[in-house]
file query22.tsv (TSV, C-alpha atoms (C1' of nucleotides))
chain	number	residue	atom	x	y	z
A	160	MET	CA	0.00	0.00	0.00
A	161	ALA	CA	2.71	2.51	1.03
A	162	ARG	CA	0.51	5.49	1.69
A	163	ASP	CA	1.88	8.93	2.41
A	164	PRO	CA	4.00	8.28	5.48
A	165	GLN	CA	3.43	11.77	6.89
A	166	LYS	CA	-0.31	11.24	6.75
A	167	THR	CA	0.01	7.96	8.58
A	168	ARG	CA	2.22	9.51	11.22
A	169	ASP	CA	-0.21	12.36	11.77
A	170	LEU	CA	-3.11	9.93	11.94
A	171	ILE	CA	-1.35	7.98	14.65
A	172	LEU	CA	-0.63	11.13	16.63
A	173	SER	CA	-4.13	12.59	16.38
A	174	THR	CA	-5.76	9.27	17.19
A	175	ALA	CA	-3.48	8.71	20.16
A	176	LEU	CA	-4.12	12.22	21.44
A	177	ARG	CA	-7.85	11.68	21.28
A	178	LEU	CA	-7.65	8.39	23.14
A	179	PHE	CA	-5.21	9.72	25.72
A	180	VAL	CA	-7.57	12.58	26.50
A	181	GLU	CA	-10.70	10.45	26.46
A	182	LYS	CA	-9.47	7.46	28.43
A	183	GLY	CA	-6.07	8.48	29.70
A	184	TYR	CA	-2.63	7.33	28.64
A	185	PHE	CA	-2.53	4.09	30.58
A	186	ALA	CA	-6.03	3.02	29.70
A	187	SER	CA	-5.24	3.41	26.00
A	188	SER	CA	-3.25	0.49	24.70
A	189	ILE	CA	-1.31	0.34	21.48
A	190	HIS	CA	-3.96	-2.06	20.28
A	191	ASP	CA	-6.66	0.51	21.01
A	192	ILE	CA	-4.79	3.10	18.97
A	193	ARG	CA	-4.26	0.59	16.18
A	194	HIS	CA	-7.96	-0.18	16.09
A	195	ALA	CA	-9.16	3.42	16.32
A	196	ALA	CA	-6.77	4.56	13.61
A	197	GLY	CA	-7.59	1.65	11.33
A	198	LEU	CA	-3.93	0.70	11.11
A	199	SER	CA	-1.82	-2.26	12.09
A	200	ILE	CA	0.57	-2.69	14.97
A	201	GLY	CA	3.41	-3.01	12.52
A	202	SER	CA	2.65	0.32	10.91
A	203	ILE	CA	2.59	2.07	14.24
A	204	TYR	CA	5.89	0.59	15.32
A	205	HIS	CA	7.39	1.51	11.99
A	206	HIS	CA	6.73	5.19	12.75
A	207	PHE	CA	7.40	5.19	16.46
A	208	ASP	CA	9.80	3.33	18.69
A	209	SER	CA	7.41	2.87	21.57
A	210	LYS	CA	4.19	4.02	23.11
A	211	GLU	CA	6.13	6.52	25.16
A	212	SER	CA	7.67	8.03	22.05
A	213	ILE	CA	4.17	8.65	20.71
A	214	ALA	CA	3.28	10.50	23.88
A	215	SER	CA	6.55	12.37	23.67
A	216	ALA	CA	5.90	13.48	20.10
A	217	ILE	CA	2.42	14.67	21.03
A	218	TYR	CA	3.76	16.52	24.02
A	219	ASP	CA	6.49	18.27	22.01
A	220	ASP	CA	4.04	19.21	19.30
A	221	LEU	CA	1.48	20.67	21.68
A	222	LEU	CA	4.03	22.45	23.81
A	223	GLY	CA	5.47	24.01	20.65
A	224	ARG	CA	2.03	25.13	19.60
A	225	MET	CA	1.39	26.66	22.99
A	226	THR	CA	4.77	28.35	22.93
A	227	SER	CA	4.19	30.11	19.61
A	228	MET	CA	0.73	31.05	20.76
A	229	VAL	CA	2.12	32.73	23.86
A	230	GLU	CA	4.96	34.32	21.90
A	231	ASP	CA	2.57	35.70	19.29
A	232	ALA	CA	0.16	37.02	21.86
A	233	SER	CA	2.97	38.55	23.81
A	234	GLY	CA	4.85	40.01	20.84
A	235	SER	CA	1.84	41.85	19.45
A	236	HIS	CA	1.42	44.06	22.48
A	237	MET	CA	3.42	46.52	24.49
A	238	THR	CA	2.06	46.60	28.03
A	239	ALA	CA	2.07	43.71	30.45
A	240	LYS	CA	-1.68	44.10	30.80
A	241	ALA	CA	-2.30	43.76	27.06
A	242	LYS	CA	0.12	40.85	26.81
A	243	CYS	CA	-1.49	38.94	29.66
A	244	ARG	CA	-4.95	39.50	28.30
A	245	ALA	CA	-3.91	38.37	24.85
A	246	ILE	CA	-2.42	35.17	26.27
A	247	ILE	CA	-5.52	34.29	28.25
A	248	SER	CA	-7.76	35.16	25.33
A	249	ALA	CA	-5.68	32.96	23.04
A	250	MET	CA	-5.82	30.05	25.49
A	251	PHE	CA	-9.60	30.37	25.66
A	252	SER	CA	-9.84	30.43	21.86
A	253	MET	CA	-7.57	27.43	21.67
A	254	HIS	CA	-9.93	25.59	23.96
A	255	GLU	CA	-12.80	26.18	21.55
A	256	THR	CA	-10.96	25.25	18.36
A	257	ASP	CA	-8.71	22.53	19.73
A	258	PRO	CA	-9.89	21.38	23.15
A	259	LEU	CA	-7.81	18.21	23.08
A	260	THR	CA	-4.58	20.17	22.93
A	261	VAL	CA	-5.45	22.35	25.88
A	262	HIS	CA	-6.78	19.42	27.84
A	263	PHE	CA	-3.66	17.35	27.26
A	264	VAL	CA	-1.29	20.14	28.26
A	265	LEU	CA	-3.31	21.19	31.29
A	266	HIS	CA	-4.72	17.98	32.64
A	267	ALA	CA	-2.40	15.20	31.72
A	268	ARG	CA	0.05	14.02	34.34
A	269	HIS	CA	2.96	14.04	31.96
A	270	ARG	CA	5.47	13.11	34.61
A	271	GLU	CA	3.67	9.83	35.04
A	272	PHE	CA	4.34	8.58	31.55
A	273	LEU	CA	7.12	10.95	30.50
A	274	PRO	CA	9.37	10.68	33.53
A	275	ASP	CA	12.11	12.72	31.91
A	276	ALA	CA	9.91	15.66	30.95
A	277	PRO	CA	10.53	18.74	33.08
A	278	PRO	CA	7.63	20.00	35.20
A	279	ILE	CA	5.20	21.82	32.96
A	280	CYS	CA	5.66	25.05	34.88
A	281	SER	CA	9.30	25.24	33.90
A	282	THR	CA	8.62	24.92	30.17
A	283	ARG	CA	8.90	27.77	27.74
A	284	PRO	CA	5.33	29.11	27.64
A	285	PHE	CA	5.05	29.18	31.41
A	286	GLU	CA	8.45	30.80	31.73
A	287	LEU	CA	7.31	33.48	29.30
A	288	MET	CA	4.24	34.20	31.39
A	289	LYS	CA	6.37	34.55	34.48
A	290	GLN	CA	8.70	36.87	32.61
A	291	ILE	CA	5.88	39.13	31.47
A	292	ILE	CA	4.70	39.41	35.06
A	293	GLU	CA	8.19	40.36	36.21
A	294	GLU	CA	8.50	43.02	33.53
A	295	GLY	CA	5.11	44.38	34.54
A	296	ILE	CA	6.33	44.73	38.09
A	297	ALA	CA	9.54	46.39	36.96
A	298	SER	CA	7.65	48.86	34.79
A	299	GLY	CA	5.28	49.75	37.60
A	300	GLU	CA	2.14	48.27	36.03
A	301	ILE	CA	1.85	45.49	38.56
A	302	HIS	CA	2.02	45.68	42.33
A	303	PRO	CA	5.47	44.79	43.65
A	304	ILE	CA	4.33	41.49	45.10
A	305	ASP	CA	5.95	38.11	44.60
A	306	PRO	CA	5.74	37.29	40.86
A	307	VAL	CA	4.64	33.79	41.74
A	308	VAL	CA	1.62	35.19	43.53
A	309	ALA	CA	0.72	37.60	40.74
A	310	GLY	CA	1.01	34.82	38.19
A	311	ALA	CA	-1.10	32.48	40.28
A	312	ILE	CA	-3.92	35.01	40.57
A	313	LEU	CA	-4.01	36.05	36.94
A	314	PHE	CA	-3.12	32.89	35.05
A	315	GLY	CA	-4.17	30.47	37.78
A	316	GLY	CA	-7.67	31.84	37.63
A	317	ALA	CA	-7.73	31.42	33.87
A	318	MET	CA	-6.38	27.87	34.11
A	319	ARG	CA	-9.01	27.06	36.67
A	320	LEU	CA	-11.70	28.08	34.19
A	321	LEU	CA	-10.01	26.00	31.50
A	322	HIS	CA	-10.09	23.03	33.85
A	323	LEU	CA	-13.77	23.54	34.54
A	324	ALA	CA	-14.49	23.90	30.85
A	325	GLY	CA	-12.58	20.70	30.19
A	326	ASP	CA	-14.68	18.92	32.79
A	327	GLY	CA	-17.76	20.20	31.02
A	328	VAL	CA	-19.26	21.91	34.03
A	329	LEU	CA	-19.52	25.44	32.61
A	330	SER	CA	-22.88	26.53	31.29
A	331	LYS	CA	-21.46	29.13	28.89
A	332	PRO	CA	-18.57	29.16	26.42
A	333	LEU	CA	-15.27	30.33	27.88
A	334	ASP	CA	-15.35	33.62	25.98
A	335	PHE	CA	-18.36	34.61	28.02
A	336	TYR	CA	-16.23	34.80	31.17
A	337	LEU	CA	-13.13	36.43	29.69
A	338	ASP	CA	-13.90	40.08	30.40
A	339	GLU	CA	-15.01	39.56	33.98
A	340	LEU	CA	-12.19	37.19	34.70
A	341	PHE	CA	-9.44	39.38	33.37
A	342	GLU	CA	-10.85	42.51	34.95
A	343	ALA	CA	-11.02	40.87	38.37
A	344	GLY	CA	-7.61	39.27	38.05
A	345	TRP	CA	-5.94	42.39	36.86
A	346	ARG	CA	-7.53	44.55	39.53
A	347	GLY	CA	-6.09	42.17	42.08
A	348	ILE	CA	-2.50	42.61	41.00
A	349	SER	CA	-2.31	46.02	39.29
A	350	VAL	CA	-1.12	49.10	41.13
B	271	MET	CA	-0.58	-14.18	62.77
B	272	ALA	CA	-3.98	-12.41	62.66
B	273	ARG	CA	-2.81	-8.92	63.49
B	274	ASP	CA	-5.24	-6.08	64.12
B	275	PRO	CA	-7.22	-5.99	60.90
B	276	GLN	CA	-7.84	-2.25	61.12
B	277	LYS	CA	-4.10	-1.64	61.36
B	278	THR	CA	-3.49	-3.76	58.30
B	279	ARG	CA	-6.21	-1.99	56.37
B	280	ASP	CA	-4.79	1.42	57.26
B	281	LEU	CA	-1.30	0.28	56.35
B	282	ILE	CA	-2.50	-0.78	52.93
B	283	LEU	CA	-4.25	2.54	52.38
B	284	SER	CA	-1.37	4.74	53.50
B	285	THR	CA	1.16	2.72	51.54
B	286	ALA	CA	-0.98	2.80	48.42
B	287	LEU	CA	-1.51	6.53	48.76
B	288	ARG	CA	2.20	7.13	49.01
B	289	LEU	CA	2.93	5.02	45.94
B	290	PHE	CA	0.05	6.50	43.95
B	291	VAL	CA	1.38	9.99	44.59
B	292	GLU	CA	5.02	9.07	44.02
B	293	LYS	CA	4.66	6.97	40.90
B	294	GLY	CA	1.07	7.36	39.86
B	295	TYR	CA	-1.81	4.93	40.08
B	296	PHE	CA	-1.05	2.93	36.95
B	297	ALA	CA	2.66	2.66	37.60
B	298	SER	CA	2.00	1.21	41.05
B	299	SER	CA	1.10	-2.44	40.89
B	300	ILE	CA	-0.51	-4.49	43.60
B	301	HIS	CA	2.84	-6.23	43.97
B	302	ASP	CA	4.52	-2.87	44.56
B	303	ILE	CA	2.04	-2.10	47.30
B	304	ARG	CA	2.43	-5.59	48.75
B	305	HIS	CA	6.20	-5.19	48.84
B	306	ALA	CA	6.23	-1.64	50.22
B	307	ALA	CA	3.75	-2.52	52.94
B	308	GLY	CA	5.53	-5.73	53.86
B	309	LEU	CA	2.36	-7.73	53.32
B	310	SER	CA	1.21	-10.49	51.02
B	311	ILE	CA	-1.08	-10.35	48.03
B	312	GLY	CA	-3.56	-12.52	49.87
B	313	SER	CA	-3.78	-10.13	52.77
B	314	ILE	CA	-4.42	-7.19	50.50
B	315	TYR	CA	-7.17	-9.00	48.62
B	316	HIS	CA	-8.68	-10.06	51.88
B	317	HIS	CA	-9.24	-6.40	52.79
B	318	PHE	CA	-10.07	-5.03	49.37
B	319	ASP	CA	-11.88	-6.40	46.36
B	320	SER	CA	-9.60	-4.85	43.79
B	321	LYS	CA	-6.98	-2.26	43.15
B	322	GLU	CA	-9.70	0.16	42.18
B	323	SER	CA	-11.47	-0.32	45.49
B	324	ILE	CA	-8.26	0.68	47.26
B	325	ALA	CA	-8.15	3.88	45.24
B	326	SER	CA	-11.82	4.42	45.94
B	327	ALA	CA	-11.33	4.04	49.69
B	328	ILE	CA	-8.44	6.49	49.62
B	329	TYR	CA	-10.45	8.94	47.60
B	330	ASP	CA	-13.44	8.79	49.93
B	331	ASP	CA	-11.24	9.19	52.97
B	332	LEU	CA	-9.39	12.20	51.62
B	333	LEU	CA	-12.47	13.86	50.26
B	334	GLY	CA	-14.12	13.45	53.65
B	335	ARG	CA	-11.11	14.99	55.33
B	336	MET	CA	-11.18	17.93	52.94
B	337	THR	CA	-14.89	18.35	53.46
B	338	SER	CA	-14.65	18.64	57.24
B	339	MET	CA	-11.71	20.97	56.83
B	340	VAL	CA	-13.74	23.29	54.64
B	341	GLU	CA	-16.79	22.99	56.88
B	342	ASP	CA	-14.75	23.81	59.99
B	343	ALA	CA	-13.01	26.73	58.37
B	344	SER	CA	-16.27	28.02	57.05
B	345	GLY	CA	-18.29	27.48	60.22
B	346	SER	CA	-15.89	29.38	62.45
B	347	HIS	CA	-16.35	32.68	60.64
B	348	MET	CA	-19.14	35.03	59.72
B	349	THR	CA	-18.09	36.99	56.64
B	350	ALA	CA	-17.39	35.51	53.23
B	351	LYS	CA	-13.95	37.10	53.34
B	352	ALA	CA	-13.02	35.43	56.63
B	353	LYS	CA	-14.44	32.11	55.48
B	354	CYS	CA	-12.54	32.13	52.21
B	355	ARG	CA	-9.32	33.08	53.92
B	356	ALA	CA	-9.74	30.35	56.51
B	357	ILE	CA	-10.30	27.77	53.78
B	358	ILE	CA	-7.20	28.75	51.84
B	359	SER	CA	-5.16	28.94	55.00
B	360	ALA	CA	-6.34	25.49	56.03
B	361	MET	CA	-5.49	24.05	52.60
B	362	PHE	CA	-2.01	25.50	52.84
B	363	SER	CA	-1.54	24.04	56.32
B	364	MET	CA	-2.81	20.71	55.10
B	365	HIS	CA	-0.16	20.78	52.42
B	366	GLU	CA	2.55	21.15	55.05
B	367	THR	CA	1.30	18.48	57.44
B	368	ASP	CA	-0.13	16.05	54.91
B	369	PRO	CA	1.13	16.82	51.41
B	370	LEU	CA	0.10	13.44	50.03
B	371	THR	CA	-3.55	14.10	50.74
B	372	VAL	CA	-3.57	17.47	49.03
B	373	HIS	CA	-1.54	16.16	46.14
B	374	PHE	CA	-3.83	13.22	45.57
B	375	VAL	CA	-7.00	15.31	45.65
B	376	LEU	CA	-5.59	18.08	43.49
B	377	HIS	CA	-3.32	16.35	41.04
B	378	ALA	CA	-4.62	12.88	40.52
B	379	ARG	CA	-6.76	12.24	37.49
B	380	HIS	CA	-9.41	10.39	39.44
B	381	ARG	CA	-11.65	9.97	36.46
B	382	GLU	CA	-8.97	7.89	34.83
B	383	PHE	CA	-9.01	5.14	37.41
B	384	LEU	CA	-12.31	5.89	39.13
B	385	PRO	CA	-14.56	6.27	36.12
B	386	ASP	CA	-17.68	6.50	38.23
B	387	ALA	CA	-16.43	9.28	40.50
B	388	PRO	CA	-18.09	12.62	39.84
B	389	PRO	CA	-15.86	15.47	38.67
B	390	ILE	CA	-13.96	16.81	41.65
B	391	CYS	CA	-15.48	20.26	41.23
B	392	SER	CA	-18.94	18.91	41.92
B	393	THR	CA	-17.98	17.28	45.21
B	394	ARG	CA	-18.94	18.63	48.59
B	395	PRO	CA	-15.92	20.80	49.48
B	396	PHE	CA	-15.94	22.53	46.12
B	397	GLU	CA	-19.68	23.03	46.27
B	398	LEU	CA	-19.24	24.65	49.67
B	399	MET	CA	-16.67	27.07	48.30
B	400	LYS	CA	-19.00	28.02	45.49
B	401	GLN	CA	-21.81	28.54	47.99
B	402	ILE	CA	-19.71	30.85	50.15
B	403	ILE	CA	-18.91	32.94	47.10
B	404	GLU	CA	-22.58	33.20	46.22
B	405	GLU	CA	-23.49	34.26	49.74
B	406	GLY	CA	-20.75	36.88	49.61
B	407	ILE	CA	-22.24	38.29	46.44
B	408	ALA	CA	-25.71	38.29	47.97
B	409	SER	CA	-24.50	40.09	51.08
B	410	GLY	CA	-22.69	42.73	49.04
B	411	GLU	CA	-19.18	41.72	50.06
B	412	ILE	CA	-18.24	40.47	46.64
B	413	HIS	CA	-18.70	42.15	43.30
B	414	PRO	CA	-21.82	40.90	41.48
B	415	ILE	CA	-19.85	39.00	38.87
B	416	ASP	CA	-20.36	35.40	37.84
B	417	PRO	CA	-19.67	33.22	40.90
B	418	VAL	CA	-17.64	30.89	38.72
B	419	VAL	CA	-15.28	33.75	37.89
B	420	ALA	CA	-14.96	34.93	41.48
B	421	GLY	CA	-14.23	31.39	42.62
B	422	ALA	CA	-11.67	30.88	39.89
B	423	ILE	CA	-9.77	34.01	40.85
B	424	LEU	CA	-9.74	33.42	44.59
B	425	PHE	CA	-9.52	29.65	44.92
B	426	GLY	CA	-7.98	29.02	41.50
B	427	GLY	CA	-5.04	31.20	42.47
B	428	ALA	CA	-4.62	29.26	45.70
B	429	MET	CA	-4.87	25.92	43.92
B	430	ARG	CA	-2.29	27.07	41.43
B	431	LEU	CA	0.12	27.72	44.29
B	432	LEU	CA	-0.68	24.30	45.76
B	433	HIS	CA	0.14	22.74	42.40
B	434	LEU	CA	3.44	24.57	42.23
B	435	ALA	CA	4.26	23.56	45.78
B	436	GLY	CA	3.45	19.96	44.92
B	437	ASP	CA	5.82	20.14	41.97
B	438	GLY	CA	8.49	21.43	44.30
B	439	VAL	CA	9.19	24.61	42.37
B	440	LEU	CA	8.48	27.10	45.15
B	441	SER	CA	11.44	28.50	47.03
B	442	LYS	CA	9.48	29.32	50.18
B	443	PRO	CA	6.88	27.45	52.24
B	444	LEU	CA	3.30	28.09	51.19
B	445	ASP	CA	2.52	30.14	54.28
B	446	PHE	CA	4.95	32.74	53.05
B	447	TYR	CA	2.65	33.59	50.12
B	448	LEU	CA	-0.69	33.45	51.93
B	449	ASP	CA	-1.10	37.11	52.84
B	450	GLU	CA	-0.11	38.49	49.47
B	451	LEU	CA	-2.15	35.90	47.63
B	452	PHE	CA	-5.32	36.42	49.58
B	453	GLU	CA	-5.02	40.19	49.53
B	454	ALA	CA	-4.59	40.25	45.76
B	455	GLY	CA	-7.34	37.71	45.14
B	456	TRP	CA	-9.79	39.42	47.42
B	457	ARG	CA	-9.09	42.87	46.00
B	458	GLY	CA	-9.90	41.43	42.59
B	459	ILE	CA	-13.39	40.30	43.52
B	460	SER	CA	-14.47	42.47	46.47
B	461	VAL	CA	-16.64	45.56	46.03
C	111	DG	C1'	-6.23	-13.13	58.69
C	112	DT	C1'	-2.25	-14.05	56.40
C	113	DC	C1'	0.40	-16.66	53.47
C	114	DT	C1'	2.39	-18.94	48.79
C	115	DA	C1'	1.60	-20.44	44.31
C	116	DT	C1'	-0.59	-19.83	40.20
C	117	DA	C1'	-4.25	-18.75	36.88
C	118	DA	C1'	-6.08	-15.68	33.22
C	119	DT	C1'	-5.50	-11.52	30.70
C	120	DT	C1'	-3.48	-7.84	28.83
C	121	DT	C1'	0.27	-5.24	27.53
C	122	DG	C1'	4.22	-3.39	24.87
C	123	DA	C1'	7.05	-4.92	21.49
C	124	DT	C1'	9.30	-8.06	17.65
C	125	DA	C1'	9.77	-11.11	13.37
C	126	DG	C1'	9.27	-11.73	8.94
C	127	DA	C1'	6.16	-12.08	4.70
C	128	DC	C1'	4.49	-9.08	1.09
D	278	DG	C1'	5.49	0.98	4.43
D	279	DT	C1'	2.14	-1.95	5.88
D	280	DC	C1'	0.59	-6.21	7.28
D	281	DT	C1'	-0.35	-10.74	10.40
D	282	DA	C1'	1.15	-13.70	13.84
D	283	DT	C1'	3.44	-14.18	17.91
D	284	DC	C1'	6.47	-13.47	22.07
D	285	DA	C1'	7.85	-12.31	26.70
D	286	DA	C1'	6.78	-9.88	30.59
D	287	DA	C1'	3.79	-7.85	33.77
D	288	DT	C1'	-0.62	-7.28	35.83
D	289	DT	C1'	-4.88	-8.18	38.37
D	290	DA	C1'	-7.04	-11.55	40.70
D	291	DT	C1'	-8.03	-16.39	42.66
D	292	DA	C1'	-7.29	-21.00	45.17
D	293	DG	C1'	-6.31	-23.25	48.94
D	294	DA	C1'	-2.96	-24.38	52.86
D	295	DC	C1'	-2.00	-22.88	57.55
call {"tool": "encode", "arguments": {"input": "query22.tsv", "output": "structure tokens"}}
result
Amino acid sequence: MARDPQKTRDLILSTALRLFVEKGYFASSIHDIRHAAGLSIGSIYHHFDSKESIASAIYDDLLGRMTSMVEDASGSHMTAKAKCRAIISAMFSMHETDPLTVHFVLHARHREFLPDAPPICSTRPFELMKQIIEEGIASGEIHPIDPVVAGAILFGGAMRLLHLAGDGVLSKPLDFYLDELFEAGWRGISV
Amino acid sequence: MARDPQKTRDLILSTALRLFVEKGYFASSIHDIRHAAGLSIGSIYHHFDSKESIASAIYDDLLGRMTSMVEDASGSHMTAKAKCRAIISAMFSMHETDPLTVHFVLHARHREFLPDAPPICSTRPFELMKQIIEEGIASGEIHPIDPVVAGAILFGGAMRLLHLAGDGVLSKPLDFYLDELFEAGWRGISV
DNA sequence: GTCTATAATTTGATAGAC
DNA sequence: GTCTATCAAATTATAGAC
């Protein structure tokens, strides 16, 4: 048959992502992925060394996507306030267009099946958020409190809503809450 | 031998909790628990029907502990502000004295191995927090914004710090951040 | 109530034909 | 590159002696 190998690879990744989010990494066997993707075990192992390497590829891909999202949102604005709002807004949009990605990055216990992955909070996108907060404090936009605290209030609140949305317990789309959420969060940490 | 059965049961639960938090539920086999607890497979299966029932017992126990914690903290104060602060303070203390409990309740993906458990946000302690927020809005202490948003800012920020503490990326003990965190969170949502 | 030995499945992964 | 058939190891759970 020898189909387009890139297509096959992408199919494996998207299928695995869906199963990992739906049932969790450990409850999704290679055979489940094989069946859901309509492929064979052999084909999967031709493209990936192991189940863990599939998870690793997904993780890298999604983290990269989140990183450029944060970089874009951050680069298009000047003030810390505008940057932070753009990041949260982009994360909310991402949840609507690509909920699996957000769910995987936010919910999944990566350390459990990717023991060598650094803690999510020390990855690029989260470092960028911390950096923006610190610059906001330096420029006088944000109260001179501990950056960890400011970040927890502003982004922690947003992540909490993302979690709730992922659990399907919100009655409205995320966008509905954005204005109120950001206003309250920002008032809490701005000078 | 016939040791005290309650002691054995507790030993199984505490050992399993430790392993579940350290290595995750799926990476901890019954044999791991057996070995770490210094017991036999037979003894474990005498006290519990299955691995899942161990997780279920742990979950019920910890959720009950969190519930009374929230109820106590809430019941000892009159204003929404004092109640919320007491809850966050108690959660932070709990993290110091019993980090495994907090970690398990906050981090673990219960739905993955306890498919019948309701989403954590719809359990008693989280319902209580939501209720306190709503009463605060009704009494005029809290801005009349969506209760979900107010809860996300105040408790989401605190949970974010608990997550970071659990990942071991905070340089100071949680108590160090409490005042700043609560002040910022409350300023964000209070009238 | 606790133990050892073992059954029954499932899992991740490999071999080799096409 | 994709497939089928199969392996070896690990896992949950059970049986039955003491």
call {"tool": "interface_residues", "arguments": {"input": "query22.tsv", "of": "chain A", "to": "chain B", "cutoff": "9 Å", "atoms": "only C-alpha atoms", "output": "PyMOL selection string"}}
result
chain A and resi 181-186+266-268+270-272+278+280-281+304-305+307-320+323+326+328-329+336-337+339-340+342-349
call {"tool": "atom_distance", "arguments": {"input": "query22.tsv", "atom1": "CA of Lys210 in chain A", "atom2": "CA of Ile192 in chain A"}}
result
9.9 Å
call {"tool": "interface_residues", "arguments": {"input": "query22.tsv", "of": "chain D", "to": "chain B", "cutoff": "12 Å", "atoms": "only C-alpha atoms (C1' of nucleotides)", "output": "PyMOL selection string"}}
result
chain D and resi 287-293+295
call {"tool": "interface_residues", "arguments": {"input": "query22.tsv", "of": "chain B", "to": "chain C", "cutoff": "10 Å", "atoms": "all atoms listed in the file", "output": "ChimeraX atom specification"}}
result
/B:271-275,278,309-314,316-317
call {"tool": "write_last_selection", "arguments": {"input": "query22.tsv", "atoms": "C-alpha atoms", "output": "compact mmCIF listing (two decimals), in the coordinates of the input"}}
result
# COMPACT_ATOMS: atom_id res chain seq x y z
CA MET B 271 -0.58 -14.18 62.77
CA ALA B 272 -3.98 -12.41 62.66
CA ARG B 273 -2.81 -8.92 63.49
CA ASP B 274 -5.24 -6.08 64.12
CA PRO B 275 -7.22 -5.99 60.90
CA THR B 278 -3.49 -3.76 58.30
CA LEU B 309 2.36 -7.73 53.32
CA SER B 310 1.21 -10.49 51.02
CA ILE B 311 -1.08 -10.35 48.03
CA GLY B 312 -3.56 -12.52 49.87
CA SER B 313 -3.78 -10.13 52.77
CA ILE B 314 -4.42 -7.19 50.50
CA HIS B 316 -8.68 -10.06 51.88
CA HIS B 317 -9.24 -6.40 52.79
call {"tool": "axis_aligned_box", "arguments": {"input": "query22.tsv", "around": "range 243-257 of chain A", "padding_each_side": "4 Å", "output": "lines of an AutoDock Vina configuration file"}}
result
center_x = -7.1
center_y = 31.0
center_z = 24.0
size_x = 19.3
size_y = 25.0
size_z = 19.3
call {"tool": "atom_distance", "arguments": {"input": "query22.tsv", "atom1": "CA of Leu333 in chain A", "atom2": "CA of Ser344 in chain B"}}
result
29.3 Å
call {"tool": "residues_near_point", "arguments": {"input": "query22.tsv", "point": "(-5.7, 33.1, 26.7)", "cutoff": "10 Å", "atoms": "only C-alpha atoms (C1' of nucleotides)", "output": "list in words"}}
result
Met228, Val229, Ala232, Lys242, Cys243, Arg244, Ala245, Ile246, Ile247, Ser248, Ala249, Met250, Phe251, Ser252, Met253, His254, Phe314, Ala317, Met318, Leu321, Asp334, Leu337 and Phe341 of chain A
call {"tool": "atom_distance", "arguments": {"input": "query22.tsv", "atom1": "C1' of DC284 in chain D", "atom2": "CA of Asp275 in chain A"}}
result
28.5 Å
call {"tool": "residues_around", "arguments": {"input": "query22.tsv", "residues": "range 214-222 of chain A", "least_positions_apart": "5", "cutoff": "9 Å", "atoms": "all atoms listed in the file", "output": "PDB file with C-alpha atoms, in the frame of the given file"}}
result
ATOM      1  CA  LEU A 172      -0.630  11.130  16.630  1.00  0.00           C
ATOM      2  CA  SER A 173      -4.130  12.590  16.380  1.00  0.00           C
ATOM      3  CA  ALA A 175      -3.480   8.710  20.160  1.00  0.00           C
ATOM      4  CA  LEU A 176      -4.120  12.220  21.440  1.00  0.00           C
ATOM      5  CA  PHE A 179      -5.210   9.720  25.720  1.00  0.00           C
ATOM      6  CA  TYR A 184      -2.630   7.330  28.640  1.00  0.00           C
ATOM      7  CA  SER A 209       7.410   2.870  21.570  1.00  0.00           C
ATOM      8  CA  SER A 227       4.190  30.110  19.610  1.00  0.00           C
ATOM      9  CA  THR A 260      -4.580  20.170  22.930  1.00  0.00           C
ATOM     10  CA  VAL A 261      -5.450  22.350  25.880  1.00  0.00           C
ATOM     11  CA  PHE A 263      -3.660  17.350  27.260  1.00  0.00           C
ATOM     12  CA  VAL A 264      -1.290  20.140  28.260  1.00  0.00           C
ATOM     13  CA  HIS A 269       2.960  14.040  31.960  1.00  0.00           C
ATOM     14  CA  PHE A 272       4.340   8.580  31.550  1.00  0.00           C
ATOM     15  CA  LEU A 273       7.120  10.950  30.500  1.00  0.00           C
ATOM     16  CA  ALA A 276       9.910  15.660  30.950  1.00  0.00           C
ATOM     17  CA  THR A 282       8.620  24.920  30.170  1.00  0.00           C
ATOM     18  CA  ARG A 283       8.900  27.770  27.740  1.00  0.00           C
ATOM     19  CA  PRO A 284       5.330  29.110  27.640  1.00  0.00           C
TER      20      PRO A 284
END
call {"tool": "residues_around", "arguments": {"input": "query22.tsv", "residues": "Asp302 in chain B", "least_positions_apart": "4", "cutoff": "9 Å", "atoms": "only C-alpha atoms (C1' of nucleotides)", "output": "PyMOL selection string"}}
result
chain B and resi 286+289+298+306-307
call {"tool": "write_last_selection", "arguments": {"input": "query22.tsv", "atoms": "C-alpha atoms", "output": "PDB file, in the frame of the given file"}}
result
ATOM      1  CA  ALA B 286      -0.980   2.800  48.420  1.00  0.00           C
ATOM      2  CA  LEU B 289       2.930   5.020  45.940  1.00  0.00           C
ATOM      3  CA  SER B 298       2.000   1.210  41.050  1.00  0.00           C
ATOM      4  CA  ALA B 306       6.230  -1.640  50.220  1.00  0.00           C
ATOM      5  CA  ALA B 307       3.750  -2.520  52.940  1.00  0.00           C
TER       6      ALA B 307
END
